[in-house]
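Participant: File structure16.json below, JSON, C-alpha atoms:
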```
[["chain", "number", "residue", "atom", "x", "y", "z"],
["A", 1406, "MET", "CA", 0.00, 0.00, 0.00],
["A", 1407, "HIS", "CA", 1.17, 3.53, -0.76],
["A", 1408, "ILE", "CA", -0.34, 6.87, 0.24],
["A", 1409, "ILE", "CA", 0.13, 9.98, -1.90],
["A", 1410, "VAL", "CA", -0.80, 13.29, -0.29],
["A", 1411, "GLY", "CA", -1.26, 16.59, -2.11],
["A", 1412, "LEU", "CA", -1.06, 19.69, 0.07],
["A", 1413, "GLY", "CA", -3.18, 22.81, -0.25],
["A", 1414, "ASN", "CA", -5.99, 24.82, 1.29],
["A", 1415, "PRO", "CA", -9.65, 23.89, 0.74],
["A", 1416, "GLY", "CA", -12.20, 26.40, -0.50],
["A", 1417, "GLU", "CA", -12.92, 28.39, -3.63],
["A", 1418, "GLN", "CA", -10.90, 31.38, -2.39],
["A", 1419, "TYR", "CA", -7.71, 29.30, -2.49],
["A", 1420, "LYS", "CA", -8.28, 27.68, -5.86],
["A", 1421, "ASN", "CA", -5.40, 28.19, -8.31],
["A", 1422, "THR", "CA", -3.20, 29.82, -5.65],
["A", 1423, "ARG", "CA", 0.49, 28.98, -5.61],
["A", 1424, "HIS", "CA", 0.20, 27.29, -2.21],
["A", 1425, "ASN", "CA", -2.25, 24.83, -3.80],
["A", 1426, "ALA", "CA", 0.22, 23.39, -6.31],
["A", 1427, "GLY", "CA", 0.08, 20.08, -4.41],
["A", 1428, "PHE", "CA", -3.71, 19.94, -4.79],
["A", 1429, "MET", "CA", -3.38, 20.68, -8.50],
["A", 1430, "ALA", "CA", -0.82, 17.92, -9.00],
["A", 1431, "ILE", "CA", -2.82, 15.27, -7.17],
["A", 1432, "ASP", "CA", -6.01, 16.31, -8.99],
["A", 1433, "ALA", "CA", -4.13, 15.68, -12.23],
["A", 1434, "LEU", "CA", -3.10, 12.25, -10.94],
["A", 1435, "ALA", "CA", -6.74, 11.47, -10.08],
["A", 1436, "GLU", "CA", -7.69, 12.35, -13.66],
["A", 1437, "ILE", "CA", -4.99, 10.05, -15.03],
["A", 1438, "LEU", "CA", -6.36, 7.25, -12.82],
["A", 1439, "ASP", "CA", -9.93, 8.18, -13.88],
["A", 1440, "ALA", "CA", -10.98, 8.29, -10.21],
["A", 1441, "ASN", "CA", -13.31, 10.57, -8.24],
["A", 1442, "TRP", "CA", -12.70, 12.19, -4.86],
["A", 1443, "GLN", "CA", -14.82, 11.20, -1.87],
["A", 1444, "THR", "CA", -15.04, 13.27, 1.32],
["A", 1445, "ASN", "CA", -14.12, 11.27, 4.41],
["A", 1446, "LYS", "CA", -15.12, 12.99, 7.68],
["A", 1447, "LYS", "CA", -13.15, 10.50, 9.77],
["A", 1448, "PHE", "CA", -9.91, 11.63, 8.13],
["A", 1449, "ASN", "CA", -11.01, 15.23, 7.49],
["A", 1450, "ALA", "CA", -9.82, 14.76, 3.94],
["A", 1451, "GLU", "CA", -10.87, 13.93, 0.41],
["A", 1452, "ILE", "CA", -9.61, 10.51, -0.57],
["A", 1453, "ILE", "CA", -9.43, 8.09, -3.46],
["A", 1454, "ILE", "CA", -8.80, 4.40, -2.86],
["A", 1455, "SER", "CA", -7.49, 2.43, -5.83],
["A", 1456, "LYS", "CA", -6.95, -1.28, -5.28],
["A", 1457, "GLU", "CA", -4.89, -2.02, -8.38],
["A", 1458, "VAL", "CA", -2.52, 0.64, -9.69],
["A", 1459, "LYS", "CA", 0.57, -0.03, -11.77],
["A", 1460, "LEU", "CA", 3.68, 1.27, -10.03],
["A", 1461, "PRO", "CA", 5.22, 3.13, -11.75],
["A", 1462, "ILE", "CA", 2.94, 3.92, -14.68],
["A", 1463, "GLY", "CA", 3.39, 1.32, -17.39],
["A", 1464, "SER", "CA", 4.99, -1.31, -15.18],
["A", 1465, "LEU", "CA", 3.63, -4.78, -14.45],
["A", 1466, "THR", "CA", 3.78, -4.25, -10.68],
["A", 1467, "SER", "CA", 0.52, -3.22, -9.01],
["A", 1468, "ALA", "CA", -0.30, -2.22, -5.45],
["A", 1469, "PRO", "CA", -3.11, -0.60, -3.44],
["A", 1470, "LEU", "CA", -2.96, 3.19, -3.59],
["A", 1471, "ILE", "CA", -4.66, 5.93, -1.57],
["A", 1472, "LEU", "CA", -4.71, 9.56, -2.71],
["A", 1473, "VAL", "CA", -5.32, 12.18, 0.00],
["A", 1474, "LYS", "CA", -6.21, 15.89, -0.01],
["A", 1475, "PRO", "CA", -6.35, 17.15, 3.61],
["A", 1476, "LEU", "CA", -9.26, 19.50, 4.36],
["A", 1477, "THR", "CA", -7.59, 20.76, 7.54],
["A", 1478, "PHE", "CA", -5.96, 23.77, 5.89],
["A", 1479, "MET", "CA", -2.26, 23.75, 5.20],
["A", 1480, "ASN", "CA", -0.91, 24.41, 8.69],
["A", 1481, "ASN", "CA", -2.63, 21.34, 10.17],
["A", 1482, "SER", "CA", -2.17, 18.92, 7.26],
["A", 1483, "GLY", "CA", -0.41, 16.44, 9.51],
["A", 1484, "ALA", "CA", -3.59, 15.69, 11.46],
["A", 1485, "ALA", "CA", -5.32, 14.31, 8.35],
["A", 1486, "VAL", "CA", -2.22, 12.42, 7.20],
["A", 1487, "ARG", "CA", -1.76, 10.86, 10.63],
["A", 1488, "ALA", "CA", -5.44, 9.80, 10.70],
["A", 1489, "VAL", "CA", -5.11, 8.01, 7.35],
["A", 1490, "MET", "CA", -1.77, 6.41, 8.20],
["A", 1491, "GLY", "CA", -3.03, 5.29, 11.61],
["A", 1492, "TYR", "CA", -6.24, 3.80, 10.22],
["A", 1493, "TYR", "CA", -4.25, 1.64, 7.81],
["A", 1494, "ASN", "CA", -1.68, 0.67, 10.48],
["A", 1495, "LEU", "CA", 1.20, 2.28, 8.62],
["A", 1496, "LEU", "CA", 2.77, 3.98, 11.64],
["A", 1497, "PRO", "CA", 5.30, 1.66, 13.33],
["A", 1498, "LYS", "CA", 5.02, 1.35, 17.11],
["A", 1499, "LYS", "CA", 7.40, 0.28, 19.84],
["A", 1500, "MET", "CA", 6.17, -2.92, 21.49],
["A", 1501, "GLY", "CA", 2.79, -2.30, 19.89],
["A", 1502, "LEU", "CA", 2.08, 0.74, 22.07],
["A", 1503, "VAL", "CA", 3.85, 4.04, 21.39],
["A", 1504, "ARG", "CA", 4.50, 5.39, 17.89],
["A", 1505, "GLU", "CA", 8.12, 5.01, 16.98],
["A", 1506, "LYS", "CA", 10.07, 8.20, 16.25],
["A", 1507, "ASP", "CA", 12.07, 8.65, 13.06],
["A", 1508, "SER", "CA", 10.34, 5.73, 11.34],
["A", 1509, "ASP", "CA", 11.24, 5.24, 7.67],
["A", 1510, "LEU", "CA", 7.97, 5.82, 5.80],
["A", 1511, "SER", "CA", 9.55, 6.45, 2.39],
["A", 1512, "ASN", "CA", 8.06, 3.27, 0.94],
["A", 1513, "VAL", "CA", 4.51, 4.07, 2.04],
["A", 1514, "LEU", "CA", 4.15, 7.87, 1.93],
["A", 1515, "THR", "CA", 4.73, 10.52, -0.74],
["A", 1516, "VAL", "CA", 3.82, 14.17, -0.15],
["A", 1517, "ILE", "CA", 3.45, 16.65, -3.03],
["A", 1518, "HIS", "CA", 3.70, 20.35, -2.20],
["A", 1519, "ASP", "CA", 4.70, 23.80, -3.45],
["A", 1520, "ASP", "CA", 8.21, 25.12, -2.81],
["A", 1521, "ILE", "CA", 9.09, 28.81, -3.04],
["A", 1522, "ASP", "CA", 12.81, 28.01, -3.13],
["A", 1523, "ILE", "CA", 12.47, 26.23, -6.49],
["A", 1524, "VAL", "CA", 11.91, 28.11, -9.74],
["A", 1525, "LEU", "CA", 8.54, 27.72, -11.43],
["A", 1526, "GLY", "CA", 8.74, 24.99, -14.05],
["A", 1527, "GLN", "CA", 11.07, 22.79, -12.02],
["A", 1528, "TYR", "CA", 10.51, 20.25, -9.29],
["A", 1529, "LYS", "CA", 12.75, 18.23, -7.00],
["A", 1530, "LEU", "CA", 12.51, 14.95, -5.13],
["A", 1531, "ALA", "CA", 13.40, 14.78, -1.45],
["A", 1532, "ASP", "CA", 13.63, 12.11, 1.20],
["A", 1533, "ASN", "CA", 14.46, 12.53, 4.88],
["A", 1534, "SER", "CA", 14.83, 16.32, 4.64],
["A", 1535, "ARG", "CA", 13.70, 19.24, 6.77],
["A", 1536, "SER", "CA", 10.55, 21.23, 6.07],
["A", 1537, "ALA", "CA", 12.54, 24.35, 5.00],
["A", 1538, "GLY", "CA", 9.82, 26.46, 6.57],
["A", 1539, "HIS", "CA", 6.90, 24.87, 4.72],
["A", 1540, "LYS", "CA", 4.18, 24.77, 7.38],
["A", 1541, "GLY", "CA", 2.23, 21.93, 5.80],
["A", 1542, "VAL", "CA", 5.30, 19.70, 5.64],
["A", 1543, "ASN", "CA", 6.29, 20.76, 9.15],
["A", 1544, "SER", "CA", 2.84, 19.74, 10.42],
["A", 1545, "ILE", "CA", 3.23, 16.28, 8.87],
["A", 1546, "ILE", "CA", 6.69, 15.86, 10.39],
["A", 1547, "ASN", "CA", 5.37, 16.82, 13.82],
["A", 1548, "HIS", "CA", 2.32, 14.55, 13.67],
["A", 1549, "LEU", "CA", 4.17, 11.51, 12.30],
["A", 1550, "LYS", "CA", 7.29, 12.11, 14.43],
["A", 1551, "THR", "CA", 9.51, 11.56, 11.42],
["A", 1552, "ARG", "CA", 10.75, 13.39, 8.35],
["A", 1553, "ARG", "CA", 11.65, 10.15, 6.56],
["A", 1554, "PHE", "CA", 9.09, 10.16, 3.76],
["A", 1555, "ARG", "CA", 9.22, 10.99, 0.06],
["A", 1556, "ARG", "CA", 8.41, 14.49, -1.12],
["A", 1557, "ILE", "CA", 7.86, 16.03, -4.53],
["A", 1558, "ARG", "CA", 8.64, 19.75, -4.25],
["A", 1559, "ILE", "CA", 6.96, 21.77, -7.01],
["A", 1560, "GLY", "CA", 8.69, 25.05, -7.84],
["A", 1561, "ILE", "CA", 6.54, 28.19, -7.69],
["A", 1562, "ARG", "CA", 9.23, 30.88, -7.48],
["A", 1563, "THR", "CA", 9.07, 33.70, -10.03],
["A", 1564, "GLU", "CA", 10.89, 37.01, -10.34],
["A", 1565, "ILE", "CA", 8.23, 38.75, -8.22],
["A", 1566, "ALA", "CA", 8.67, 36.40, -5.25],
["A", 1567, "GLY", "CA", 11.20, 38.67, -3.56],
["A", 1568, "ARG", "CA", 9.08, 41.79, -3.98],
["A", 1569, "MET", "CA", 6.29, 40.82, -1.60],
["A", 1570, "PRO", "CA", 5.89, 38.97, 1.71],
["A", 1571, "THR", "CA", 6.10, 35.20, 1.31],
["A", 1572, "GLU", "CA", 2.61, 34.63, 2.73],
["A", 1573, "LYS", "CA", 1.08, 37.02, 0.20],
["A", 1574, "PHE", "CA", 3.04, 35.49, -2.67],
["A", 1575, "VAL", "CA", 2.05, 31.88, -1.96],
["A", 1576, "LEU", "CA", -1.63, 32.79, -1.47],
["A", 1577, "ASP", "CA", -1.73, 34.77, -4.71],
["A", 1578, "ARG", "CA", -3.15, 33.07, -7.80],
["A", 1579, "PHE", "CA", -1.07, 31.75, -10.67],
["A", 1580, "SER", "CA", -1.24, 33.84, -13.80],
["A", 1581, "ARG", "CA", -2.61, 32.16, -16.92],
["A", 1582, "GLU", "CA", 0.92, 31.61, -18.24],
["A", 1583, "GLU", "CA", 2.13, 30.23, -14.91],
["A", 1584, "ARG", "CA", -0.80, 27.84, -14.71],
["A", 1585, "LYS", "CA", 0.10, 26.47, -18.15],
["A", 1586, "ILE", "CA", 3.58, 25.67, -16.84],
["A", 1587, "ILE", "CA", 2.16, 23.90, -13.76],
["A", 1588, "ASP", "CA", -0.34, 21.94, -15.87],
["A", 1589, "GLY", "CA", 2.45, 20.96, -18.25],
["A", 1590, "GLN", "CA", 4.29, 19.23, -15.41],
["A", 1591, "ALA", "CA", 1.30, 17.11, -14.36],
["A", 1592, "GLY", "CA", 2.15, 13.94, -16.26],
["A", 1593, "LYS", "CA", 5.79, 13.81, -15.17],
["A", 1594, "ILE", "CA", 4.95, 14.57, -11.54],
["A", 1595, "SER", "CA", 2.30, 11.84, -11.59],
["A", 1596, "GLU", "CA", 4.92, 9.38, -12.81],
["A", 1597, "GLU", "CA", 7.26, 10.45, -10.03],
["A", 1598, "ALA", "CA", 4.50, 10.03, -7.46],
["A", 1599, "LEU", "CA", 3.77, 6.51, -8.64],
["A", 1600, "ASP", "CA", 7.43, 5.52, -8.81],
["A", 1601, "HIS", "CA", 8.33, 4.39, -5.31],
["A", 1602, "ARG", "CA", 12.01, 3.83, -5.81],
["A", 1603, "GLU", "CA", 14.17, 5.50, -3.18],
["A", 1604, "THR", "CA", 15.05, 9.08, -4.03],
["A", 1605, "GLY", "CA", 18.38, 9.18, -2.19]]
```
Would it be possible to restate this file's structure as structure tokens?

Facilitator:
Amino acid sequence: MHIIVGLGNPGEQYKNTRHNAGFMAIDALAEILDANWQTNKKFNAEIIISKEVKLPIGSLTSAPLILVKPLTFMNNSGAAVRAVMGYYNLLPKKMGLVREKDSDLSNVLTVIHDDIDIVLGQYKLADNSRSAGHKGVNSIINHLKTRRFRRIRIGIRTEIAGRMPTEKFVLDRFSREERKIIDGQAGKISEEALDHRETG
């Protein structure tokens, strides 16, 4: 089983904002899989459960897959991720009681999110790295008690990023040209999300 999480903020007012690049990417993946989102109140998230998905795309290997869009707002994304991971018994425990710290979840969890330190049109893979100030990633690290999971960091930085406060920049909407660039990455990012080889 593998869980892929896209980070963003729910609500029409946040649609197409730079901070929602993770939502956009995982929506594109849902389209590729021809699957529909279902709201799950227990997890406080929208989810898709696919029993047989080829990993990576085009391979002969298949595995259960769960797509997740937290509805907790970005800063508390970890609560929804922890709920899903806990429900499916994917959080290792010491002696069956207390959640183990620094567990290696790289084979079961991929998180897709925006990254202001990466130029728009590029993306990077990460594993076992710090949040670099991203509050959604930081929330997940705090709730899971580990940073050892795969991440796909989608670049959103443009030349205007340094001219305004970071919070304003990430909550501003993509321009039409910028959105074309983001949409153009969808297929490749989906392949990366479904390819569970270690990122190093």

Participant: Just checking: using only C-alpha atoms, which residue out of A:Arg1562, A:Lys1456, A:Arg1555, A:His1407 ends up closest to Asp1522 (chain A)?

Facilitator: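 The closest residue to Asp1522 (chain A) is A:Arg1562.
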
Participant: Which is closest to Arg1558 (chain A) among A:Arg1581, A:Lys1573, A:Arg1487, A:His1518, if we use all atoms listed in the file?

Facilitator: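 Of the candidates, the smallest distance to Arg1558 (chain A) is held by A:His1518.
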
Participant: Calculate how many Å separate CA of Ile1453 (chain A) from CA of Pro1469 (chain A), rounding to one decimal.

Facilitator: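 Answer for the CA of Ile1453 (chain A) to CA of Pro1469 (chain A) separation: 10.7 Å.
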
Participant: Please return as a list in words every residue within 6 Å of (3.8, 12.0, -5.1), taking into account all atoms listed in the file and the file's own coordinates.

Facilitator: Ile1409, Thr1515, Val1516, Ile1517, Ile1557 and Ala1598 of chain A

Participant: Do you have, as a Markdown table, the list of residues of region 1467-1581 of chain A lying at most 12 Å from region 1427-1445 of chain A, each with its nearest atom pair and that distance in Å to one decimal, counting only C-alpha atoms and ordered by chain then number?

Facilitator:
```
| residue | atom | partner | partner_atom | distance |
| --- | --- | --- | --- | --- |
| A:Leu1470 | CA | A:Leu1438 | CA | 10.6 |
| A:Ile1471 | CA | A:Ala1435 | CA | 10.4 |
| A:Leu1472 | CA | A:Ile1431 | CA | 7.5 |
| A:Val1473 | CA | A:Ile1431 | CA | 8.2 |
| A:Lys1474 | CA | A:Phe1428 | CA | 6.7 |
| A:Pro1475 | CA | A:Phe1428 | CA | 9.2 |
| A:Leu1476 | CA | A:Thr1444 | CA | 9.0 |
| A:Thr1477 | CA | A:Asn1445 | CA | 11.9 |
| A:Phe1478 | CA | A:Phe1428 | CA | 11.6 |
| A:Met1479 | CA | A:Gly1427 | CA | 10.5 |
| A:Ser1482 | CA | A:Gly1427 | CA | 11.9 |
| A:Ala1485 | CA | A:Asn1445 | CA | 10.1 |
| A:Ala1488 | CA | A:Asn1445 | CA | 10.8 |
| A:Val1489 | CA | A:Asn1445 | CA | 10.0 |
| A:Thr1515 | CA | A:Ile1431 | CA | 11.0 |
| A:Val1516 | CA | A:Gly1427 | CA | 8.2 |
| A:Ile1517 | CA | A:Gly1427 | CA | 5.0 |
| A:His1518 | CA | A:Gly1427 | CA | 4.2 |
| A:Asp1519 | CA | A:Gly1427 | CA | 6.0 |
| A:Asp1520 | CA | A:Gly1427 | CA | 9.7 |
| A:Tyr1528 | CA | A:Gly1427 | CA | 11.5 |
| A:Gly1541 | CA | A:Gly1427 | CA | 10.6 |
| A:Val1542 | CA | A:Gly1427 | CA | 11.3 |
| A:Arg1556 | CA | A:Gly1427 | CA | 10.6 |
| A:Ile1557 | CA | A:Gly1427 | CA | 8.8 |
| A:Arg1558 | CA | A:Gly1427 | CA | 8.6 |
| A:Ile1559 | CA | A:Gly1427 | CA | 7.5 |
| A:Gly1560 | CA | A:Gly1427 | CA | 10.5 |
| A:Ile1561 | CA | A:Gly1427 | CA | 10.9 |
| A:Phe1579 | CA | A:Met1429 | CA | 11.5 |
```

Participant: Pick the closest to Ile1523 (chain A) from A:Asn1421, A:Asn1480, A:Ser1595, A:Thr1563: which is it, counting all atoms listed in the file?

Facilitator: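 Among A:Asn1421, A:Asn1480, A:Ser1595, A:Thr1563, it is A:Thr1563 that comes nearest to Ile1523 (chain A).
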
Participant: Would you please work out which residue, of A:Met1406, A:Lys1420, A:Gly1526, A:Ala1566, is nearest to Lys1585 (chain A) when using all atoms listed in the file?

Facilitator: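 Closest to Lys1585 (chain A) of all the choices is A:Gly1526.
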
Participant: With all atoms listed in the file as the counted atoms, please give the residues lying no more than 8 Å from Ile1587 (chain A), apart from itself and same-chain residues fewer than 2 positions off, as a list of chain:residue names.

Facilitator: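 Using all atoms listed in the file, the neighbours found are A:Ala1426, A:Leu1525, A:Gly1526, A:Glu1583, A:Arg1584, A:Lys1585, A:Gly1589, A:Gln1590, A:Ala1591.
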
Participant: List the spatial neighbours of Ile1545 (chain A) as a list of chain:residue names - criterion: any atom at most 9 Å away, all atoms listed in the file, same-chain residues fewer than 2 positions off excluded.

Facilitator: A:Asn1481, A:Ser1482, A:Gly1483, A:Ala1484, A:Ala1485, A:Val1486, A:Arg1487, A:Lys1540, A:Gly1541, A:Val1542, A:Asn1543, A:Asn1547, A:His1548, A:Leu1549, A:Lys1550, A:Thr1551, A:Arg1552

Participant: Can you work out the spacing between CA of Ala1537 (chain A) and CA of His1424 (chain A) in Å, to one decimal?

Facilitator: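 Between these atoms lies a distance of 14.6 Å.
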
Participant: What is the CA of Gly1538 (chain A) to CA of Ile1521 (chain A) distance in Å?

Facilitator: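 Computing it gives 9.9 Å between the two atoms.
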
Participant: When you count only C-alpha atoms, which of these residues is closest to Phe1554 (chain A): A:Glu1417, A:Ile1408, A:Gly1491, A:Lys1498?

Facilitator: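 Of all the options, A:Ile1408 lies closest to Phe1554 (chain A).
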
Participant: Would you place a box with edges along x, y and z of the file around all atoms of region 1433-1448 of chain A listed there, add 8 Å to each of its six sides, and report the centre and edge lengths in Å to one decimal, as JSON?

Facilitator:
```
{"center_x": -9.1, "center_y": 11.5, "center_z": -2.6, "size_x": 28.0, "size_y": 24.4, "size_z": 40.8}
```

Participant: For Thr1422 (chain A), which residue among A:Ala1531, A:Leu1599, A:Val1575, A:Val1410 is the nearest when counting all atoms listed in the file?

Facilitator: A:Val1575
